>>> print(open('model.txt').read())   # compact mmCIF, C-alpha atoms
# COMPACT_ATOMS: atom_id res chain seq x y z
CA MET A 150 -68.88 36.13 -51.05
CA ASN A 151 -70.46 35.70 -47.77
CA ILE A 152 -68.98 32.96 -45.49
CA ASN A 153 -71.49 31.87 -43.04
CA ILE A 154 -69.86 30.11 -40.02
CA SER A 155 -71.98 29.33 -37.08
CA ARG A 156 -70.99 30.42 -33.63
CA GLN A 157 -70.88 26.77 -32.56
CA SER A 158 -68.31 26.00 -35.19
CA ILE A 159 -66.19 28.92 -34.10
CA TYR A 160 -66.23 27.63 -30.53
CA LEU A 161 -65.31 24.18 -31.74
CA LEU A 162 -62.47 25.44 -33.87
CA SER A 163 -61.10 27.70 -31.16
CA LEU A 164 -61.14 24.92 -28.61
CA SER A 165 -59.47 22.55 -31.03
CA VAL A 166 -56.75 25.05 -31.79
CA PHE A 167 -56.26 25.85 -28.13
CA LEU A 168 -56.00 22.20 -27.11
CA LEU A 169 -53.71 21.41 -30.01
CA VAL A 170 -51.41 24.24 -29.03
CA PHE A 171 -51.51 23.04 -25.43
CA VAL A 172 -50.58 19.49 -26.47
CA PHE A 173 -47.70 20.76 -28.59
CA VAL A 174 -46.39 23.09 -25.93
CA PHE A 175 -46.68 20.37 -23.29
CA ALA A 176 -44.95 17.83 -25.49
CA PHE A 177 -42.10 20.06 -26.62
CA SER A 178 -41.44 21.99 -23.44
CA LEU A 179 -41.86 19.20 -20.85
CA LEU A 180 -42.27 15.74 -22.23
CA ILE A 181 -39.48 15.61 -24.78
CA PRO A 182 -36.79 17.19 -22.49
CA GLU A 183 -37.86 14.86 -19.71
CA GLY A 184 -37.68 11.92 -22.11
CA LYS A 185 -34.14 12.92 -23.09
CA GLU A 186 -33.22 13.26 -19.43
CA TYR A 187 -34.71 9.81 -18.78
CA ARG A 188 -32.61 8.27 -21.52
CA LEU A 189 -29.42 9.93 -20.24
CA GLN A 190 -30.13 8.88 -16.65
CA ARG A 191 -30.74 5.30 -17.77
CA ILE A 192 -27.42 5.17 -19.66
CA GLU A 193 -25.60 6.71 -16.71
CA LEU A 194 -27.19 4.26 -14.28
CA LYS A 195 -26.13 1.35 -16.45
CA LYS A 196 -22.59 2.74 -16.46
CA GLU A 197 -22.63 3.13 -12.67
CA ASN A 198 -23.93 -0.41 -12.31
CA ARG A 199 -21.16 -1.77 -14.49
CA GLU A 200 -18.58 0.11 -12.44
CA LEU A 201 -20.14 -1.11 -9.18
CA ARG A 202 -19.96 -4.68 -10.44
CA LYS A 203 -16.25 -4.17 -11.22
CA TYR A 204 -15.64 -2.91 -7.68
CA GLN A 205 -17.63 -5.81 -6.24
CA ASN A 206 -15.59 -8.31 -8.24
CA PHE A 207 -12.36 -6.67 -7.12
CA SER A 208 -13.60 -6.62 -3.52
CA ASP A 209 -14.37 -10.35 -3.79
CA GLU A 210 -10.86 -10.99 -5.12
CA VAL A 211 -9.25 -9.00 -2.29
CA SER A 212 -11.48 -10.71 0.25
CA GLN A 213 -10.45 -14.12 -1.13
CA ARG A 214 -6.79 -13.10 -0.98
CA LEU A 215 -7.23 -11.95 2.63
CA SER A 216 -8.99 -15.13 3.62
CA ASP A 217 -6.23 -17.25 1.97
CA LEU A 218 -3.57 -15.22 3.78
CA ASN A 219 -5.46 -15.56 7.06
CA SER A 220 -5.69 -19.31 6.74
CA ASP A 221 -2.06 -19.68 5.58
CA ASN A 222 -0.69 -17.57 8.44
CA ARG A 223 -3.14 -18.51 11.19
CA HIS A 224 -0.38 -19.57 13.57
CA ILE A 225 1.70 -16.45 12.99
CA ILE A 226 -1.28 -14.10 13.38
CA ALA A 227 -2.33 -15.78 16.64
CA ALA A 228 1.26 -15.78 17.90
CA PHE A 229 1.69 -12.06 17.26
CA ALA A 230 -1.63 -11.28 18.95
CA LYS A 231 -0.82 -13.31 22.06
CA GLU A 232 0.62 -11.72 25.19
CA PHE A 233 3.76 -13.42 26.48
CA ASP A 234 3.01 -15.68 29.42
CA ALA A 235 6.25 -16.64 31.20
CA PRO A 236 4.82 -19.48 33.37
CA ARG A 237 3.20 -21.06 30.33
CA PHE A 238 6.41 -20.69 28.34
CA GLU A 239 8.31 -22.41 31.16
CA LYS A 240 5.75 -25.17 31.30
CA LEU A 241 5.91 -25.74 27.55
CA HIS A 242 9.70 -25.76 27.28
CA LYS A 243 10.97 -27.10 30.57
CA ASN A 244 11.41 -30.56 28.98
CA TYR A 245 14.39 -29.27 27.02
CA PHE A 246 16.23 -28.14 30.16
CA LYS A 247 17.18 -29.47 33.55
CA SER A 248 16.09 -26.16 34.95
CA LEU A 249 14.71 -23.04 33.35
CA SER A 250 14.11 -19.64 34.85
CA ILE A 251 12.69 -16.64 33.07
CA ALA A 252 13.12 -13.10 34.34
CA LYS A 253 10.36 -10.53 34.16
CA GLN A 254 9.86 -9.18 30.69
CA GLN A 255 10.87 -5.64 29.91
CA LYS A 256 9.48 -3.57 27.12
CA LEU A 257 12.22 -2.56 24.71
CA GLU A 258 10.59 -0.55 21.94
CA ASP A 259 7.71 -0.17 19.55
CA GLU A 260 8.70 -0.80 15.99
CA ASP A 261 6.49 -0.49 12.96
CA GLY A 262 3.31 -1.61 14.71
CA PHE A 263 4.99 -4.23 16.90
CA SER A 264 6.02 -4.12 20.55
CA ILE A 265 9.26 -5.83 21.45
CA TYR A 266 9.80 -7.23 24.93
CA GLU A 267 13.10 -8.58 26.22
CA VAL A 268 13.18 -11.60 28.48
CA ASN A 269 16.34 -12.80 30.20
CA THR A 270 16.56 -16.55 30.51
CA THR A 271 18.82 -18.82 32.50
CA SER A 272 18.84 -22.57 32.11
CA ARG A 273 20.82 -25.69 32.76
CA ILE A 274 21.21 -28.35 30.10
CA ASN A 275 22.84 -31.78 29.76
CA SER A 276 24.19 -31.23 26.30
CA PRO A 277 24.06 -28.67 23.51
CA LYS A 278 21.60 -30.96 21.71
CA SER A 279 18.92 -29.95 24.21
CA PHE A 280 19.55 -26.34 23.31
CA TYR A 281 19.24 -27.11 19.58
CA ASN A 282 15.93 -28.83 20.22
CA PHE A 283 14.79 -25.81 22.21
CA LEU A 284 15.68 -23.49 19.33
CA ASP A 285 13.68 -25.70 16.96
CA ALA A 286 10.75 -25.63 19.37
CA VAL A 287 10.89 -21.84 19.78
CA ASN A 288 9.95 -21.47 16.09
CA LYS A 289 6.80 -23.51 16.67
CA THR A 290 5.76 -22.05 19.98
CA ASP A 291 2.70 -19.89 20.76
CA TRP A 292 4.66 -16.64 20.56
CA ILE A 293 7.03 -15.03 18.08
CA ILE A 294 10.36 -15.25 19.85
CA SER A 295 13.84 -14.50 18.68
CA VAL A 296 16.76 -15.81 20.70
CA ASN A 297 19.40 -13.12 20.86
CA PHE A 298 23.05 -12.54 21.53
CA PRO A 299 24.87 -12.62 23.87
CA ILE A 300 24.48 -16.28 24.64
CA GLU A 301 26.68 -17.73 27.30
CA PHE A 302 27.45 -21.37 28.02
CA LYS A 303 29.32 -22.23 31.17
CA ARG A 304 30.35 -25.64 32.40
CA GLU A 305 29.09 -26.45 35.89
CA ASN A 306 30.29 -29.97 36.76
CA GLU A 307 28.41 -32.28 34.38
CA MET A 308 25.88 -29.63 33.37
CA ILE A 309 26.01 -26.60 31.10
CA ARG A 310 24.57 -23.38 32.39
CA SER A 311 23.24 -21.26 29.57
CA SER A 312 22.01 -17.73 29.75
CA PHE A 313 20.53 -15.79 26.89
CA THR A 314 18.01 -13.12 26.06
CA MET A 315 14.85 -13.59 24.07
CA LYS A 316 12.94 -10.95 22.20
CA VAL A 317 9.19 -11.44 22.17
CA TYR A 318 7.26 -9.70 19.39
CA THR A 319 3.61 -8.76 19.82
CA ILE A 320 1.24 -6.42 18.03
CA SER A 321 1.54 -2.98 19.53
CA LYS A 322 -1.49 -2.20 21.67
CA ASP A 323 -0.70 1.50 21.74
CA LEU A 324 -1.22 2.04 18.06
CA ASN A 325 -4.73 2.63 16.90
CA THR A 326 -3.93 1.21 13.50
CA SER A 327 -2.84 -2.12 14.91
CA LYS A 328 -6.00 -2.29 16.98
CA LYS A 329 -8.06 -1.50 14.00
CA LEU A 330 -6.33 -4.11 11.94
CA LEU A 331 -6.87 -6.69 14.64
CA ASP A 332 -10.59 -5.98 14.64
CA LEU A 333 -10.93 -6.61 10.94
CA MET B 116 -97.01 36.02 -27.77
CA LYS B 117 -95.69 33.15 -29.78
CA TYR B 118 -93.90 33.61 -33.12
CA SER B 119 -93.31 29.91 -33.77
CA TYR B 120 -95.42 26.83 -33.65
CA ILE B 121 -92.61 24.56 -32.51
CA LYS B 122 -91.20 24.40 -29.06
CA PRO B 123 -87.61 25.80 -28.95
CA ARG B 124 -85.02 23.09 -28.19
CA LYS B 125 -82.69 23.68 -25.38
CA LYS B 126 -79.24 24.83 -26.58
CA SER B 127 -76.16 23.42 -24.82
CA LEU B 128 -72.49 24.17 -25.16
CA PHE B 129 -71.68 20.44 -25.13
CA THR B 130 -72.85 19.48 -28.47
CA PRO B 131 -71.97 15.98 -29.66
CA GLU B 132 -69.06 17.43 -31.68
CA MET B 133 -67.81 19.28 -28.66
CA GLN B 134 -68.11 16.13 -26.55
CA LEU B 135 -66.17 14.11 -29.12
CA LEU B 136 -63.48 16.75 -29.18
CA SER B 137 -63.32 16.89 -25.41
CA ILE B 138 -63.01 13.11 -25.13
CA PHE B 139 -60.30 13.04 -27.77
CA PHE B 140 -58.23 15.79 -26.22
CA GLY B 141 -58.98 14.55 -22.72
CA ILE B 142 -57.55 11.13 -23.55
CA THR B 143 -54.56 12.73 -25.30
CA ILE B 144 -53.77 15.03 -22.36
CA LEU B 145 -54.27 12.17 -19.91
CA MET B 146 -51.81 9.98 -21.82
CA LEU B 147 -49.32 12.81 -22.06
CA THR B 148 -49.64 13.54 -18.34
CA LEU B 149 -49.27 9.87 -17.47
CA THR B 150 -46.18 9.59 -19.65
CA TYR B 151 -44.74 12.71 -18.08
CA SER B 152 -45.48 11.39 -14.57
CA PHE B 153 -43.90 8.08 -15.48
CA LEU B 154 -40.77 9.85 -16.73
CA LEU B 155 -40.63 12.02 -13.62
CA PHE B 156 -40.97 8.97 -11.39
CA LYS B 157 -38.32 7.06 -13.31
CA ASP B 158 -35.96 10.04 -13.18
CA TYR B 159 -36.44 10.25 -9.43
CA LYS B 160 -35.90 6.48 -9.14
CA PHE B 161 -32.74 6.65 -11.27
CA THR B 162 -31.38 9.49 -9.14
CA GLN B 163 -32.07 7.52 -5.96
CA ASP B 164 -30.50 4.36 -7.44
CA LYS B 165 -27.48 6.37 -8.49
CA ILE B 166 -27.06 7.79 -4.99
CA ASN B 167 -27.35 4.29 -3.54
CA ILE B 168 -24.83 2.92 -6.02
CA ILE B 169 -22.38 5.70 -5.21
CA GLN B 170 -22.78 5.06 -1.48
CA GLU B 171 -22.34 1.33 -1.99
CA ARG B 172 -19.28 1.96 -4.14
CA GLU B 173 -17.76 4.20 -1.48
CA PHE B 174 -18.42 1.53 1.12
CA ILE B 175 -16.80 -1.11 -1.09
CA ILE B 176 -13.78 1.16 -1.68
CA LEU B 177 -13.45 1.66 2.08
CA GLU B 178 -13.80 -2.09 2.63
CA ILE B 179 -11.16 -2.81 -0.03
CA ASP B 180 -8.85 -0.27 1.55
CA GLU B 181 -9.22 -1.87 4.99
CA MET B 182 -8.69 -5.35 3.54
CA GLU B 183 -5.57 -4.14 1.69
CA GLN B 184 -4.25 -2.70 4.96
CA ARG B 185 -4.94 -5.99 6.71
CA ILE B 186 -3.22 -7.91 3.88
CA ALA B 187 -0.19 -5.62 4.11
CA PHE B 188 -0.07 -6.11 7.88
CA ILE B 189 -0.30 -9.91 7.61
CA GLN B 190 2.43 -9.87 4.98
CA LYS B 191 4.55 -7.75 7.31
CA GLU B 192 3.91 -10.22 10.14
CA SER B 193 4.77 -13.10 7.85
CA VAL B 194 8.03 -11.49 6.68
CA LEU B 195 9.04 -10.60 10.24
CA SER B 196 8.27 -14.05 11.58
CA GLU B 197 10.18 -15.67 8.70
CA ARG B 198 13.15 -13.44 9.50
CA ILE B 199 12.99 -14.40 13.18
CA PHE B 200 12.62 -18.12 12.43
CA THR B 201 15.57 -17.97 10.03
CA LYS B 202 17.62 -16.11 12.62
CA ASN B 203 16.86 -18.78 15.22
CA THR B 204 17.80 -21.52 12.79
CA VAL B 205 21.03 -19.75 11.84
CA LEU B 206 21.78 -19.30 15.53
CA LYS B 207 21.28 -22.99 16.13
CA ASP B 208 23.65 -23.82 13.25
CA SER B 209 26.20 -21.29 14.58
CA ILE B 210 26.17 -22.86 18.05
CA SER B 211 26.36 -26.31 16.55
CA ASN B 212 29.32 -25.28 14.37
CA MET B 213 31.04 -23.70 17.34
CA PHE B 214 30.83 -26.89 19.40
CA ASP B 215 31.89 -28.99 16.39
CA LEU B 216 34.91 -26.72 15.97
CA VAL B 217 36.32 -27.66 19.36
CA PRO B 218 38.49 -30.78 19.11
CA GLN B 219 38.20 -33.70 21.54
CA ARG B 220 41.52 -32.94 23.22
CA ILE B 221 40.54 -29.40 24.16
CA THR B 222 37.93 -28.89 26.84
CA LEU B 223 35.80 -25.79 26.96
CA SER B 224 34.78 -24.33 30.27
CA GLN B 225 32.87 -21.33 28.99
CA ALA B 226 31.72 -19.90 25.68
CA LYS B 227 30.24 -16.50 24.98
CA LEU B 228 28.57 -15.89 21.67
CA LEU B 229 28.39 -12.19 20.88
CA GLU B 230 26.75 -10.29 18.08
CA ASN B 231 30.08 -9.93 16.28
CA GLY B 232 32.34 -12.32 18.08
CA LEU B 233 33.05 -15.38 20.13
CA ILE B 234 34.94 -15.74 23.42
CA LEU B 235 36.06 -19.18 24.42
CA TYR B 236 37.51 -20.23 27.77
CA GLY B 237 39.00 -23.68 28.12
CA ILE B 238 41.92 -25.93 28.79
CA THR B 239 44.37 -27.46 26.34
CA PRO B 240 47.17 -30.03 26.84
CA ASN B 241 49.62 -27.73 25.06
CA LYS B 242 49.80 -24.70 22.89
CA ASP B 243 50.48 -26.60 19.65
CA ILE B 244 47.28 -28.55 19.88
CA TYR B 245 45.42 -25.31 20.50
CA ASN B 246 47.15 -23.52 17.63
CA PHE B 247 46.65 -26.27 15.07
CA MET B 248 43.30 -27.65 16.09
CA LEU B 249 41.37 -24.63 17.35
CA GLN B 250 43.04 -21.38 16.47
CA ALA B 251 43.56 -22.26 12.79
CA PRO B 252 39.84 -22.80 12.06
CA LEU B 253 38.95 -19.81 14.22
CA ARG B 254 41.31 -17.61 12.19
CA SER B 255 39.63 -18.69 9.00
CA ILE B 256 36.25 -17.61 10.34
CA PHE B 257 37.00 -14.42 12.28
CA HIS B 258 38.82 -11.29 11.20
CA ARG B 259 40.56 -10.74 14.52
CA THR B 260 41.68 -13.46 16.88
CA TYR B 261 43.40 -12.94 20.24
CA SER B 262 44.59 -15.78 22.48
CA SER B 263 45.80 -15.73 26.05
CA PHE B 264 47.32 -18.64 27.94
CA TYR B 265 48.07 -19.29 31.54
CA PRO B 266 49.14 -22.50 33.23
CA ALA B 267 46.66 -24.78 34.94
CA GLN B 268 47.39 -26.85 38.05
CA ASN B 269 47.72 -30.19 36.18
CA GLY B 270 50.38 -28.84 33.81
CA TRP B 271 47.92 -28.10 31.02
CA LEU B 272 47.23 -24.60 29.76
CA ARG B 273 44.15 -22.58 30.33
CA PHE B 274 43.29 -20.33 27.42
CA VAL B 275 41.03 -17.45 26.55
CA SER B 276 40.31 -17.06 22.86
CA THR B 277 38.68 -13.81 21.79
CA ASN B 278 37.50 -13.61 18.21
CA TYR B 279 35.79 -10.81 16.34
CA VAL B 280 34.23 -10.31 12.95
CA ASP B 281 34.63 -6.78 11.63
CA LYS B 282 31.54 -5.17 10.24
CA GLU B 283 31.92 -5.02 6.50
CA ASP B 284 32.04 -1.56 5.02
CA PRO B 285 31.13 -1.78 1.35
CA LEU B 286 32.99 1.45 0.53
CA SER B 287 36.38 0.38 1.83
CA VAL B 288 38.54 -2.59 0.94
CA ASP B 289 38.75 -4.81 3.95
CA ASP B 290 42.35 -5.86 4.00
CA ASP B 291 43.42 -4.84 7.49
CA GLU B 292 43.43 -7.93 9.61
CA GLU B 293 44.74 -7.85 13.10
CA GLU B 294 45.86 -10.90 14.82
CA GLY B 295 47.53 -11.07 18.17
CA GLU B 296 48.77 -13.54 20.67
CA ASP B 297 49.61 -12.77 24.24
CA GLU B 298 51.36 -15.15 26.51
CA TYR B 299 51.56 -15.20 30.22
>>> encode(input="model.txt", output="structure tokens")
Amino acid sequence: MNINISRQSIYLLSLSVFLLVFVFVFAFSLLIPEGKEYRLQRIELKKENRELRKYQNFSDEVSQRLSDLNSDNRHIIAAFAKEFDAPRFEKLHKNYFKSLSIAKQQKLEDEDGFSIYEVNTTSRINSPKSFYNFLDAVNKTDWIISVNFPIEFKRENEMIRSSFTMKVYTISKDLNTSKKLLDL
Amino acid sequence: MKYSYIKPRKKSLFTPEMQLLSIFFGITILMLTLTYSFLLFKDYKFTQDKINIIQEREFIILEIDEMEQRIAFIQKESVLSERIFTKNTVLKDSISNMFDLVPQRITLSQAKLLENGLILYGITPNKDIYNFMLQAPLRSIFHRTYSSFYPAQNGWLRFVSTNYVDKEDPLSVDDDEEEGEDEY
């Protein structure tokens, strides 16, 4: 039996086979692995996005908490950040005393991010009531001040001479952390 | 010399069958290449998105960390200020109680409030009034009470009352009370 195939047909068949093999090789060696990779990357990206959204939500919560705290403690934050100003303190509180003198402040120590200054104070009052009013006012003043022992009251004719020390608390300027926290 | 009466037709490699085959495989390869390019581009895009998400997440984590630090610092400020305000209020009450403790018939000339004690200087008509009206309440408050008397010019008695509160030691039973009275 003699099979008679033209040369043209052989060319056609060879080219077809070659191209078919090329398509298969291309598909199986490049396209399908890349497709799998694409699917994996897409799943992973979705996962990352979900996680990012969680972090963003948590960040929003923390930010809200910080803003609430800031607004609730505005006075305290400002008071801690403010440098003690003796003339202004005298001006603000002289109404409670007949006379009030404040010695120069001395730095005592740095404690846990705060600087503590000691101020010696001498005053003359009509009655202890004035001193009580002063102690009430100290809690609402522009600085964080603690009135400390020893406190001395001495009668001088119709007046009472009182001397006491005050501790003024401010944010420590030496610590980098405090500075950083202030900037936030 | 001619062997045929017809003119030979020009033979070409691109026969209609070959052209059809080329178009078919051309379109197939083009589609495969486009798909592959699309996948490559998407993979690159996913990788870039993932890097961006990771960077954003790290930034958010850093931001959260800073906000947490700020929150902790504000809470610390709030606690410290509360402690100071309470201390001032307690001090005011202590001074008020001290002045309320002194009866009308006894006159104070000086009072020293110490961290763990109270020293009173004053004048009393007689020792009994002092003992019943001032020393008795002082004894109930302080662990150790010392009194000194010396005569004043008008026949009354000047007194110095020194009172201390012992620091409580939780490991030992506090049953040693010292009381003394010196007369001049």
>>> residues_near_point(input="model.txt", point="(-60.1, 15.3, -27.1)", cutoff="12 Å", atoms="only C-alpha atoms", output="list in words")
Leu161, Leu164, Ser165, Val166, Phe167, Leu168, Leu169, Phe171 and Val172 of chain A; Glu132, Met133, Gln134, Leu135, Leu136, Ser137, Ile138, Phe139, Phe140, Gly141, Ile142, Thr143, Ile144, Leu145 and Met146 of chain B
>>> interface_residues(input="model.txt", of="chain B", to="chain A", cutoff="6 Å", atoms="only C-alpha atoms", output="tab-separated table (two decimals) with C-alpha atoms, in the coordinates of the input")
chain	number	residue	atom	x	y	z
B	151	TYR	CA	-44.74	12.71	-18.08
B	158	ASP	CA	-35.96	10.04	-13.18
B	172	ARG	CA	-19.28	1.96	-4.14
B	179	ILE	CA	-11.16	-2.81	-0.03
B	185	ARG	CA	-4.94	-5.99	6.71
B	186	ILE	CA	-3.22	-7.91	3.88
B	199	ILE	CA	12.99	-14.40	13.18
B	200	PHE	CA	12.62	-18.12	12.43
B	207	LYS	CA	21.28	-22.99	16.13
B	224	SER	CA	34.78	-24.33	30.27
B	225	GLN	CA	32.87	-21.33	28.99
B	226	ALA	CA	31.72	-19.90	25.68
B	227	LYS	CA	30.24	-16.50	24.98
B	228	LEU	CA	28.57	-15.89	21.67
B	229	LEU	CA	28.39	-12.19	20.88
B	230	GLU	CA	26.75	-10.29	18.08
>>> atom_distance(input="model.txt", atom1="CA of Lys282 (chain B)", atom2="CA of His258 (chain B)")
9.6 Å
>>> atom_distance(input="model.txt", atom1="CA of Phe233 (chain A)", atom2="CA of Ser209 (chain B)")
26.6 Å
>>> closest_residue(input="model.txt", among="A:Met315, A:Val170, A:Asp291, A:Asn151", to="Ala227 (chain A)", atoms="only C-alpha atoms")
A:Asp291
>>> residues_around(input="model.txt", residues="Gly232 (chain B)", least_positions_apart="6", cutoff="8 Å", atoms="all atoms listed in the file", output="ChimeraX atom specification")
/B:257,277-280
>>> residues_near_point(input="model.txt", point="(21.5, -26.7, 36.6)", cutoff="6 Å", atoms="all atoms listed in the file", output="PyMOL selection string")
chain A and resi 247-248+273
>>> atom_distance(input="model.txt", atom1="CA of Ala235 (chain A)", atom2="CA of Ser272 (chain A)")
13.9 Å
